[in-house]
Structure formats: structure tokens, C-alpha cells
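Asks: The following block contains the structure, expressed as C-alpha cells.
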Amino acid sequence: MPAHSTTGFQHAELEWDANGQPQSRQYGDVYFSRTSGIAETHHVFLQPNALSERFTALAAGARLVIGETGFGTGLNFLCAWQLFERTAPPDAALHFVSVEKHPLKREDLQRALALWPELQDQAQQLLKQYVAVNPGFQQFRFGRVVLTLLVGDALDCLSSLDAQIDAWFLDGFAPAKNPEMWQPELFAQLARLSALAATLATFSSAGDVRRGLKEVGFVVKRIPGFGHKWESLQGRFAGEPIQSAKPWYARPTFKPAQRKALVIGAGLAGCASAASLAARGWHVTVLERHGDVAQEASGNAQGVLYLKLSAHGTALSQLVISGFGYTRRLLSNLQQGRDWDACGVLQIAFDYKEAARQEEVASAFPPSLLHTVDRTQAEQLAGVALAEGGLFYPDAGWVHPPALCRWMVEHPGIELIRHKQTVELRRDGDNWLALDGDEVLGEAPVVILAGAADASRFSQSAWLPLKRIRGQITGLSATEQSAALRTVVCAKGYVAPARDGLHTLGASFNFATNDPAPSEAEHRSNLDMLEEISADLYQRLRADTRPTDDLHGRVAFRCTSPDYLPIVGPLAEAAQFARDYAALGKDARQVPDTPCPWLDGLYVNTAHGSRGVITTPLAGELLAAWLDGEPLPLPRAIAEACHPNRFLLRKVIRRTN
């Protein structure tokens with residue numbers, strides 16, 4: 001999405017009539033018919049798109065994708081979801097993609113959804129996950145139903161979407177009140193995103209709408225409207241699906257006969273990859289060289305939901321905001337207080353440069369995501385004395401990563417095999433073999449490399465530019481005085497409220513050594529960082545008098561890429577890629593008509609650095625979307641920025657070895 005897309009973000013401003021029904025103050029229009037919102041949805045959207053018949057006819061493992069141009073109160077989504085559950089076979093899936101410029105605040109959504117007792121099963125599930133709904137792509141999972149909510153301007157959002165839509169709901173406020181929702185450029189995006197013979201329905205029969213849809217390839221006809229509306233529209237896309245991706249970022253055409261996958265590595269990235277595939281009906285085997293999940297970088301006692309954002313709409317910032325929302329929704333499945341805590345995260349403005357950066361960031365994002373606080377406010381939030389104010393993220397906090405890993409792999413479709421280290425990958429017919437010498441550890445048509453920097457240990461992936469960075473955390477036993485700390489506080493390091501009587505602080509960055517043992521020097525460095533964060537907390541923890549053997553140290557190795565974005569997606573054969581696209585070294589603007597030489601069924605999910613708790617769960621969804629042909633849960637440009645082929649492409653263009 002464009003860099004400016006979060007600027008001016010506003011939640012919906014509602015007025016409630018005498019019957020408790022909402023109206024938009026921004027647009028001066030109702031969200032649904034005052035006669036019956038549910039009846040209107042069925043008459044205007046569900047029936048003209050023949051959804052009951054299409055859900056019933058879905059084949060085993062098949063999916064129907066609905067696109068909508070105005071989420072509003074979520075009524076259309078909930079009705080489609082309910083109809084899907086009543087009519088679709090048990091192994092079918094529904095993916096609902098909807099745009100909303102002004103999402104409702106949670107309390108307003110709860111009040112609106114209370115109007116429909118018959119939808120409460122679905123409504124309560126939506127409300128449970130309706131947290132951290134910030135600008136950008138926001139993914140929600142409800143079993144075999146997925147909602148991708150695009151928060152922002154409709155044209156911006158749809159222009160950045162990668163999907164094939166089977167049925168469209170053109171909703172939103174009336175053309176006279178919201179002309180941006182009904183412009184020709186937006187209709188062109190509907191055509192670009194439409195699958196073969198996609199259907200369409202809308203309450204509007206305005207001449208401009210009919211003509212605009214016809215011009216981009218839809219055949220439309222007027223049908224009887226609902227309530228006081230004489231007519232509405234029904235349509236079908238008569239054009240050809242448009243494939244616009246460059247070949248090195250196109251979706252691989254390989255479709256395995258069996259939905260089976262091997263995941264190598266049971267840290268956050270591996271567990272997330274397995275969970276996303278298992279949720280879609282895949283059978284997944286996770287191979288882990290240690291005796292349990294989360295034994296390396298994902299094994300720290302507390303991982304911080306740490307959003308260090310840019311005010312300039314960078315790819316990393318967009319990824320982090322979307323990933324933060326998805327992780328926060330997952331955490332409701334864990335035990336709050338023990339496995340995670342939404343205590344907030346406070347970033348201290350520790351010097352002039354950082355203070356200026358924070359002011360810029362605060363102006364670019366909604367206050368519901370982050371806002372500046374002065375020193376007094378910061379101290380009230382943190383519960384300890386601080387030298388400066390900073391930025392506060394009210395929905396953030398900490399999580400116990402091993403608990404999240406365990407929850408993600410607790411699925412009947414996932415088998416965890418411990419104490420098995422894959423040394424070699426070999427293709428055998430339609431399957432990949434994971435080998436340790438002559439021993440076959442597992443085989444499947446799809447393999448996902450999720451072992452951090454070890455993802456590059458195989459011949460097929462040796463070119464991946466991965467870096468290991470040593471990080472050491474220090475655990476300090478809580479004192480009666482340190483219990484006052486109420487929120488995570490960050491500066492050049494971080495300190496978290498105690499979990500199981502232990503505060504986590506750190507973490508060091510050491511590029512120079514691969515020593516896995518904790519060092520006294522890095523303990524001292526972490527304690528110095530603590531004193532810089534809060535001299536008061538430093539004293540409360542008696543950090544200056546702690547003997548070394550009273551410090552709980554743990555070393556792990558982060559894995560990062562040269563551009564600090566994760567590496568997520570399908571792998572190509574590097575040497576063949578260089579030969580096929582060598583012409584780009586002379587003219588990088590051309591697009592050769594040569595299909596990418598994919599290594600069929602081989603994928604990677606790694607290089608999440610110190611942001612793993614935020615980015616890995618959504619990366620699992622991105623990986624599954626690449627594999628299953630689903631709408632991507634991120635803007636296409638962000639998915640490409642995380643794609644493994646970006647590095648092969650740069651080498652070809654720069655003609656480097």
C-alpha cells in the first residue's frame with residue numbers, strides 16, 4: 001500500500017437511531033436496510049451470486065473466494081459465513097476479502113452485531129479476534145473460514161491485492177455519498193482480480209455503475225431491489241483472468257497430488273508454517289533436531305511484540321503492522337498472564353534523534369496503534385521512574401514463544417518428529433526425501449525450510465544470503481520492589497515485567513562470535529542497558545550487587561537477511577535462474593517470457609531476525625497462500641519484498657557472482 005495510506009486514518013464515527021441501528025456520520029448513510037439487514041444481504045448479495053448452490057457444489061478441499069468493497073459492520077461476511085457452514089461440505093473452505101476505510105471500533109462493532117441474535121455464533125468469534133485492527137492487510141482465521149480485511153482506501157487496497165475472486169459484493173455507501181467507491185479505476189481492479197466467470201452483485205443500479213462495470217468486462221442486468229429500492233444489479237465477468245506478475249514472482253504452477261508437507265525446524269517459523277498448512281487440511285510432518293519445539297532462538301522466556309516502525313510506509317513497517325495484528329489475534333488462544341500479557345510496550349525517547357524519530361512515527365500512525373507520552377505519563381504506565389517519555393503501544397506486550405510454538409503444532413494434522421536432523425534433500429519422483437545419510441527421515445511433495453540460518457545448509461538453498469547474530473538475554477529474579485513494573489520498557493534494549501518470578505532483559509547483538517555460552521561481559525552489557533532504561537528499576541532489582549551466578553543467561557542466534565526482511569516463499573534453481581534471466585543484466589526493465597525455474601515444492605520461511613513473534617505467524621499464512629493459490633495476506637509488493645527470488649534477481653541485474 002502507498003506510504004501515505006495510514007495518514008488521516010479514522011475509525012468509523014457512528015450515530016445510532018431510535019431503534020439502535022447505526023448510521024455513518026462521515027457519509028450520512030445507513031450501513032444496512034432499516035427494514036431487515038439480514039434479509040437485504042440475502043436478497044442483494046447471497047442469492048444473486050448463487051452462493052448456496054455454489055457452496056453445496058464445492059469439491060473436497062476446494063475453496064470459494066468472495067471479494068467485498070465495504071466491510072462496514074461485517075453483516076455480509078457473517079451471513080456468508082453462516083450460509084457456508086450450513087451448506088458447504090466439511091472439508092471445503094471460504095476466503096472472504098473485504099475493504100474498509102473506516103473500521104468500526106470494537107465497542108461499536110459489538111453494539112451493532114448485538115442486533116442479530118441469529119448470527120451470534122459467528123459474531124462472537126469475530127469479536128474475540130477483533131483486536132489490533134490497524135491500517136493495511138489484516139488476516140483473521142476462523143477454522144476453515146478466513147477473513148482478509150484490507151483497512152484503507154478501496155482503490156489503494158485493491159490495487160495492491162493479489163487474489164482471484166469468485167464472487168463480488170459491491171457494497172459501501174451509495175454512489176452519491178461515496179463516489180470514490182464507484183470510480184472507473186476501481187472497477188478496473190475488480191476485473192483484474194476476477195477469476196474466470198466471477199459473479200457480481202450490488203444494491204446500486206445507477207447508470208454510471210452499470211456502464212463502468214460493462215466497460216471493464218462485466219455483463220450486468222437489473223434485478224428487483226430490496227425494500228424501497230426498485231432495482232439492484234447482478235453480473236458476471238465475461239473477460240479473461242489477468243496474470244500480471246513478472247515470471248520470477250509468479251505463482252508456481254506445481255500442485256502436489258497429495259497435500260503433504262515436511263517442515264524442517266520447529267521454531268516459530270516452522271511451527272507457524274505447519275499450523276497454517278494444517279488449518280487448510282494438509283498433513284504436515286515437522287522434523288526437529290532437538291528434543292522439543294523452540295529450543296533455539298524461539299526458546300527465550302519472553303519475546304516482546306516490539307514494533308519499531310518507519311514513518312515512510314516501508315515494506316518492513318507494513319509487514320510488521322499486519323504481522324502484529326495477526327499475532328495478537330493468535331495470542332487469545334494462550335493463557336494470559338503466564339504465556340502472554342497485553343501489558344503494552346513503551347519505547348523510551350532516549351536521545352534527541354530518537355525523540356525526533358518518534359514524533360515523526362506518531363504523526364504517521366493512528367493513536368490506537370501508538371501515541372506519544374510525556375515523562376509523567378510514561379512513569380504512570382511503567383510503574384517505575386524514567387528519564388524520558390516516549391512512544392506507547394497499548395495493544396503490545398510480551399509472549400512466551402515456546403507456548404506459542406506448542407499451541408501452533410497441537411493439531412491432528414501435524415506430526416512432530418524429534419531428534420532428527422536433515423542433512424540432505426533429494427528429489428525422488430514427485431516427492432522430496434529428507435535424508436540423514438542413508439536414513440530417510442521423511443518424504444513429501446512439499447518441503448519448507450524453516451531452520452533459521454541452517455535453511456542454507458542444503459545444496460538447493462546454499463545461495464540464500466543468511467546472517468547469524470548472537471544474542472544473549474539476562475534473567476533477573478524479581479524483587480518485591482521490581483513488581484511495580486507494569487509494561488515492557490525498551491530503549492537500546494528491553495526489560496519486561498516478571499514471568500514466573502524472572503524479569504527478562506536484553507538482548508545483546510554480537511556479530512563477532514558463535515560461542516553458545518553466556519558471557520559475563522554481555523551480562524554486564526545487558527545490565528548497563530537496564531540502567532539506561534530506568535535507573536530506578538535498576539536499583540529495585542539490586543542489579544549492581546547481583547553476583548554473576550544469580551544471573552540467568554541464555555544465548556541464541558538470530559537469523560537475518562541483508563535487507564532485514566524475512567525470506568518467505570518458493571525457491572528457484574539458482575544457476576538456471578541466472579542463465580534464463582541473464583538479459584536483465586543489460587536491461588533490467590525488460591520482462592523475459594521465460595517461466596521461472598522453480599524447484600517444485602521447495603519453500604523457505606526464515607530470516608525473521610528479532611521480530612519473529614510478530615512476523616512468523618503471518619509468514620506461515622503467506623507461505624500457505626503461495627502453496628494453495630489463496631489471496632495473499634499482504635500487499636503483492638510486500639510479498640515480493642520478502643520473496644527469495646529478490647536476491648537472485650539483484651545478482652542478475654548487478655551481474656555479480
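All residue names refer to the C-alpha cells as shown: chains lettered A, B, ... in order, residues numbered from 1 in each chain, ligands numbered from 1 in order.
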Might you pull out every residue within 9 Å of Ser461 (chain A), with only C-alpha atoms counted and same-chain residues fewer than 2 positions away left off, and present them as a list in words?

Replies: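 Listing them by chain and then by number gives Leu449, Ala455, Ser456, Arg457, Phe458, Ser459, Trp463, Leu464, Leu571, Ala572, Glu573, Ala574 and Val604 of chain A.
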
Asks: Write the residues you've just listed into a file as an mmCIF file, in the first residue's frame, and include all heavy atoms for each of them.

Replies:
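Saved file part.cif follows:
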```
data_model
loop_
_atom_site.group_PDB
_atom_site.id
_atom_site.type_symbol
_atom_site.label_atom_id
_atom_site.label_comp_id
_atom_site.auth_asym_id
_atom_site.auth_seq_id
_atom_site.Cartn_x
_atom_site.Cartn_y
_atom_site.Cartn_z
ATOM 1 N N LEU A 449 11.764 -25.108 4.412
ATOM 2 C CA LEU A 449 12.989 -24.927 5.178
ATOM 3 C C LEU A 449 12.766 -23.789 6.172
ATOM 4 O O LEU A 449 12.591 -22.634 5.790
ATOM 5 C CB LEU A 449 14.162 -24.593 4.255
ATOM 6 C CG LEU A 449 14.381 -25.558 3.077
ATOM 7 C CD1 LEU A 449 15.563 -25.101 2.227
ATOM 8 C CD2 LEU A 449 14.594 -26.980 3.576
ATOM 9 N N ALA A 455 18.764 -23.044 7.134
ATOM 10 C CA ALA A 455 17.991 -23.208 5.897
ATOM 11 C C ALA A 455 18.893 -23.201 4.674
ATOM 12 O O ALA A 455 18.505 -23.709 3.614
ATOM 13 C CB ALA A 455 16.941 -22.104 5.776
ATOM 14 N N SER A 456 20.103 -22.648 4.803
ATOM 15 C CA SER A 456 21.008 -22.589 3.648
ATOM 16 C C SER A 456 22.022 -23.727 3.631
ATOM 17 O O SER A 456 22.963 -23.713 2.847
ATOM 18 C CB SER A 456 21.751 -21.253 3.631
ATOM 19 O OG SER A 456 22.564 -21.126 4.783
ATOM 20 N N ARG A 457 21.820 -24.749 4.463
ATOM 21 C CA ARG A 457 22.802 -25.835 4.526
ATOM 22 C C ARG A 457 22.637 -26.844 3.397
ATOM 23 O O ARG A 457 23.498 -27.704 3.192
ATOM 24 C CB ARG A 457 22.707 -26.550 5.876
ATOM 25 C CG ARG A 457 21.436 -27.362 6.078
ATOM 26 C CD ARG A 457 21.396 -28.003 7.453
ATOM 27 N NE ARG A 457 22.558 -28.865 7.657
ATOM 28 C CZ ARG A 457 22.992 -29.263 8.853
ATOM 29 N NH1 ARG A 457 22.387 -28.845 9.943
ATOM 30 N NH2 ARG A 457 24.026 -30.065 8.958
ATOM 31 N N PHE A 458 21.535 -26.765 2.654
ATOM 32 C CA PHE A 458 21.269 -27.738 1.593
ATOM 33 C C PHE A 458 21.771 -27.212 0.255
ATOM 34 O O PHE A 458 21.840 -25.997 0.038
ATOM 35 C CB PHE A 458 19.771 -28.050 1.532
ATOM 36 C CG PHE A 458 19.210 -28.478 2.860
ATOM 37 C CD1 PHE A 458 18.456 -27.606 3.631
ATOM 38 C CD2 PHE A 458 19.467 -29.747 3.355
ATOM 39 C CE1 PHE A 458 17.961 -27.985 4.863
ATOM 40 C CE2 PHE A 458 18.979 -30.143 4.597
ATOM 41 C CZ PHE A 458 18.224 -29.257 5.357
ATOM 42 N N SER A 459 22.090 -28.112 -0.649
ATOM 43 C CA SER A 459 22.633 -27.691 -1.944
ATOM 44 C C SER A 459 21.641 -26.814 -2.696
ATOM 45 O O SER A 459 22.027 -25.874 -3.397
ATOM 46 C CB SER A 459 22.997 -28.919 -2.784
ATOM 47 O OG SER A 459 21.852 -29.730 -3.039
ATOM 48 N N TRP A 463 22.605 -20.775 -1.721
ATOM 49 C CA TRP A 463 22.817 -19.390 -2.155
ATOM 50 C C TRP A 463 22.090 -18.365 -1.282
ATOM 51 O O TRP A 463 22.321 -17.155 -1.407
ATOM 52 C CB TRP A 463 22.346 -19.231 -3.606
ATOM 53 C CG TRP A 463 20.891 -19.592 -3.801
ATOM 54 C CD1 TRP A 463 20.386 -20.803 -4.143
ATOM 55 C CD2 TRP A 463 19.763 -18.722 -3.643
ATOM 56 N NE1 TRP A 463 19.006 -20.752 -4.213
ATOM 57 C CE2 TRP A 463 18.599 -19.482 -3.914
ATOM 58 C CE3 TRP A 463 19.616 -17.368 -3.310
ATOM 59 C CZ2 TRP A 463 17.316 -18.953 -3.848
ATOM 60 C CZ3 TRP A 463 18.339 -16.833 -3.250
ATOM 61 C CH2 TRP A 463 17.206 -17.631 -3.515
ATOM 62 N N LEU A 464 21.206 -18.818 -0.385
ATOM 63 C CA LEU A 464 20.446 -17.870 0.435
ATOM 64 C C LEU A 464 21.408 -17.034 1.288
ATOM 65 O O LEU A 464 22.245 -17.582 2.012
ATOM 66 C CB LEU A 464 19.463 -18.609 1.347
ATOM 67 C CG LEU A 464 18.248 -19.244 0.675
ATOM 68 C CD1 LEU A 464 17.505 -20.126 1.667
ATOM 69 C CD2 LEU A 464 17.325 -18.167 0.115
ATOM 70 N N LEU A 571 11.301 -21.538 -3.755
ATOM 71 C CA LEU A 571 12.698 -21.458 -4.169
ATOM 72 C C LEU A 571 12.857 -21.840 -5.636
ATOM 73 O O LEU A 571 12.195 -22.759 -6.126
ATOM 74 C CB LEU A 571 13.565 -22.382 -3.320
ATOM 75 C CG LEU A 571 13.868 -21.912 -1.892
ATOM 76 C CD1 LEU A 571 14.563 -23.014 -1.112
ATOM 77 C CD2 LEU A 571 14.717 -20.648 -1.905
ATOM 78 N N ALA A 572 13.769 -21.146 -6.300
ATOM 79 C CA ALA A 572 14.117 -21.438 -7.691
ATOM 80 C C ALA A 572 15.506 -22.071 -7.744
ATOM 81 O O ALA A 572 16.284 -22.003 -6.784
ATOM 82 C CB ALA A 572 14.089 -20.156 -8.521
ATOM 83 N N GLU A 573 15.804 -22.683 -8.908
ATOM 84 C CA GLU A 573 17.137 -23.250 -9.142
ATOM 85 C C GLU A 573 18.056 -22.086 -9.541
ATOM 86 O O GLU A 573 17.873 -21.466 -10.590
ATOM 87 C CB GLU A 573 17.055 -24.307 -10.248
ATOM 88 C CG GLU A 573 18.144 -25.360 -10.180
ATOM 89 C CD GLU A 573 19.510 -24.820 -10.555
ATOM 90 O OE1 GLU A 573 19.599 -24.092 -11.575
ATOM 91 O OE2 GLU A 573 20.486 -25.097 -9.829
ATOM 92 N N ALA A 574 19.024 -21.789 -8.677
ATOM 93 C CA ALA A 574 19.776 -20.539 -8.795
ATOM 94 C C ALA A 574 20.565 -20.428 -10.096
ATOM 95 O O ALA A 574 20.534 -19.376 -10.758
ATOM 96 C CB ALA A 574 20.710 -20.388 -7.596
ATOM 97 N N VAL A 604 10.751 -21.769 1.583
ATOM 98 C CA VAL A 604 11.577 -21.338 2.709
ATOM 99 C C VAL A 604 10.812 -20.314 3.542
ATOM 100 O O VAL A 604 10.004 -19.531 3.016
ATOM 101 C CB VAL A 604 12.930 -20.755 2.212
ATOM 102 C CG1 VAL A 604 12.713 -19.481 1.390
ATOM 103 C CG2 VAL A 604 13.887 -20.495 3.366
#
```

Asks: Write out as an NGL selection string which residues come within 7 Å of region 38-49 of chain A when counting only C-alpha atoms, dropping same-chain ones fewer than 3 positions away.

Replies: :A and (33 or 76 or 80 or 167 or 169 or 199-203 or 226 or 232 or 234)

Asks: List the spatial neighbours of region 87-104 of chain A as a ChimeraX atom specification - criterion: any atom at most 6 Å away, only C-alpha atoms, same-chain residues fewer than 2 positions off excluded.

Replies: /A:10-12,55-56,60-71,84-85,108-109,144-154

Asks: Given the selection you just returned, output its residues as a file containing N, CA and C atoms, formatted as a tab-separated table (two decimals), in the first residue's frame.

Replies:
```tsv
chain	number	residue	atom	x	y	z
A	10	GLN	N	-9.04	7.13	10.21
A	10	GLN	CA	-10.09	7.37	11.20
A	10	GLN	C	-10.96	6.14	11.33
A	11	HIS	N	-11.32	5.81	12.56
A	11	HIS	CA	-12.35	4.80	12.75
A	11	HIS	C	-13.70	5.39	12.30
A	12	ALA	N	-14.65	4.50	12.12
A	12	ALA	CA	-15.99	4.95	11.77
A	12	ALA	C	-16.57	5.78	12.91
A	55	PHE	N	-21.71	-23.12	-2.75
A	55	PHE	CA	-21.12	-23.73	-1.56
A	55	PHE	C	-21.39	-25.23	-1.54
A	56	THR	N	-22.63	-25.61	-1.85
A	56	THR	CA	-23.01	-27.03	-1.83
A	56	THR	C	-22.19	-27.83	-2.83
A	60	ALA	N	-14.14	-31.62	-2.66
A	60	ALA	CA	-13.30	-31.86	-1.48
A	60	ALA	C	-12.04	-31.00	-1.56
A	61	GLY	N	-11.78	-30.27	-0.49
A	61	GLY	CA	-10.59	-29.42	-0.43
A	61	GLY	C	-10.68	-28.14	-1.23
A	62	ALA	N	-11.82	-27.88	-1.87
A	62	ALA	CA	-11.95	-26.69	-2.72
A	62	ALA	C	-12.27	-25.46	-1.87
A	63	ARG	N	-12.11	-24.29	-2.49
A	63	ARG	CA	-12.29	-23.02	-1.80
A	63	ARG	C	-13.06	-22.06	-2.69
A	64	LEU	N	-13.91	-21.25	-2.09
A	64	LEU	CA	-14.56	-20.16	-2.81
A	64	LEU	C	-14.08	-18.85	-2.20
A	65	VAL	N	-13.75	-17.89	-3.06
A	65	VAL	CA	-13.22	-16.60	-2.60
A	65	VAL	C	-14.23	-15.51	-2.92
A	66	ILE	N	-14.64	-14.80	-1.89
A	66	ILE	CA	-15.57	-13.67	-2.04
A	66	ILE	C	-14.79	-12.38	-1.82
A	67	GLY	N	-15.05	-11.39	-2.67
A	67	GLY	CA	-14.46	-10.06	-2.51
A	67	GLY	C	-15.55	-9.04	-2.23
A	68	GLU	N	-15.28	-8.11	-1.34
A	68	GLU	CA	-16.30	-7.12	-0.95
A	68	GLU	C	-15.66	-5.74	-0.88
A	69	THR	N	-16.41	-4.73	-1.29
A	69	THR	CA	-15.87	-3.37	-1.32
A	69	THR	C	-16.31	-2.49	-0.16
A	70	GLY	N	-16.93	-3.06	0.87
A	70	GLY	CA	-17.25	-2.26	2.05
A	70	GLY	C	-17.63	-3.17	3.21
A	71	PHE	N	-16.72	-3.37	4.17
A	71	PHE	CA	-16.96	-4.34	5.26
A	71	PHE	C	-18.02	-3.84	6.22
A	84	PHE	N	-22.32	-20.63	4.46
A	84	PHE	CA	-21.26	-21.58	4.13
A	84	PHE	C	-21.28	-22.76	5.11
A	85	GLU	N	-21.39	-22.47	6.39
A	85	GLU	CA	-21.39	-23.54	7.38
A	85	GLU	C	-22.61	-24.46	7.22
A	108	ASP	N	-18.26	-0.35	19.16
A	108	ASP	CA	-19.32	-0.06	18.19
A	108	ASP	C	-19.70	-1.32	17.42
A	109	LEU	N	-18.69	-2.12	17.06
A	109	LEU	CA	-18.98	-3.37	16.36
A	109	LEU	C	-19.81	-4.30	17.24
A	144	ARG	N	-12.02	-23.12	9.03
A	144	ARG	CA	-11.88	-23.20	7.57
A	144	ARG	C	-12.38	-21.94	6.88
A	145	VAL	N	-12.72	-20.92	7.65
A	145	VAL	CA	-13.12	-19.62	7.11
A	145	VAL	C	-12.03	-18.60	7.42
A	146	VAL	N	-11.59	-17.88	6.39
A	146	VAL	CA	-10.56	-16.86	6.55
A	146	VAL	C	-11.12	-15.52	6.10
A	147	LEU	N	-10.87	-14.48	6.89
A	147	LEU	CA	-11.21	-13.11	6.53
A	147	LEU	C	-9.92	-12.33	6.35
A	148	THR	N	-9.72	-11.74	5.18
A	148	THR	CA	-8.63	-10.79	4.96
A	148	THR	C	-9.26	-9.42	4.84
A	149	LEU	N	-9.08	-8.61	5.87
A	149	LEU	CA	-9.68	-7.27	5.92
A	149	LEU	C	-8.62	-6.26	5.51
A	150	LEU	N	-8.90	-5.53	4.44
A	150	LEU	CA	-7.97	-4.54	3.91
A	150	LEU	C	-8.40	-3.17	4.44
A	151	VAL	N	-7.64	-2.63	5.38
A	151	VAL	CA	-8.02	-1.39	6.05
A	151	VAL	C	-7.34	-0.23	5.33
A	152	GLY	N	-8.14	0.57	4.64
A	152	GLY	CA	-7.60	1.71	3.91
A	152	GLY	C	-8.49	2.07	2.74
A	153	ASP	N	-8.01	2.96	1.90
A	153	ASP	CA	-8.73	3.39	0.71
A	153	ASP	C	-8.96	2.20	-0.22
A	154	ALA	N	-10.18	2.06	-0.74
A	154	ALA	CA	-10.53	0.88	-1.52
A	154	ALA	C	-9.65	0.71	-2.75
```

Asks: Measuring between only C-alpha atoms, which one of A:Ala188, A:Val409, A:Cys271, A:Val220 shows the shortest distance to Ile242 (chain A)?

Replies: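 The answer is A:Ala188, which sits nearest to Ile242 (chain A).
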
Asks: Among region 201-411 of chain A, which residues does DSSP mark as helix (DSSP H, G or I) when it is run on the backbone? Keep the chain and numbering as in the structure and answer as a ChimeraX atom specification.

Replies: /A:207-215,247-249,268-278,297-299,315-333,352-364,375-382,401-409

Asks: Quick one: distance from CA of Leu331 (chain A) to CA of Thr479 (chain A) in Å, one decimal?

Replies: 27.6 Å
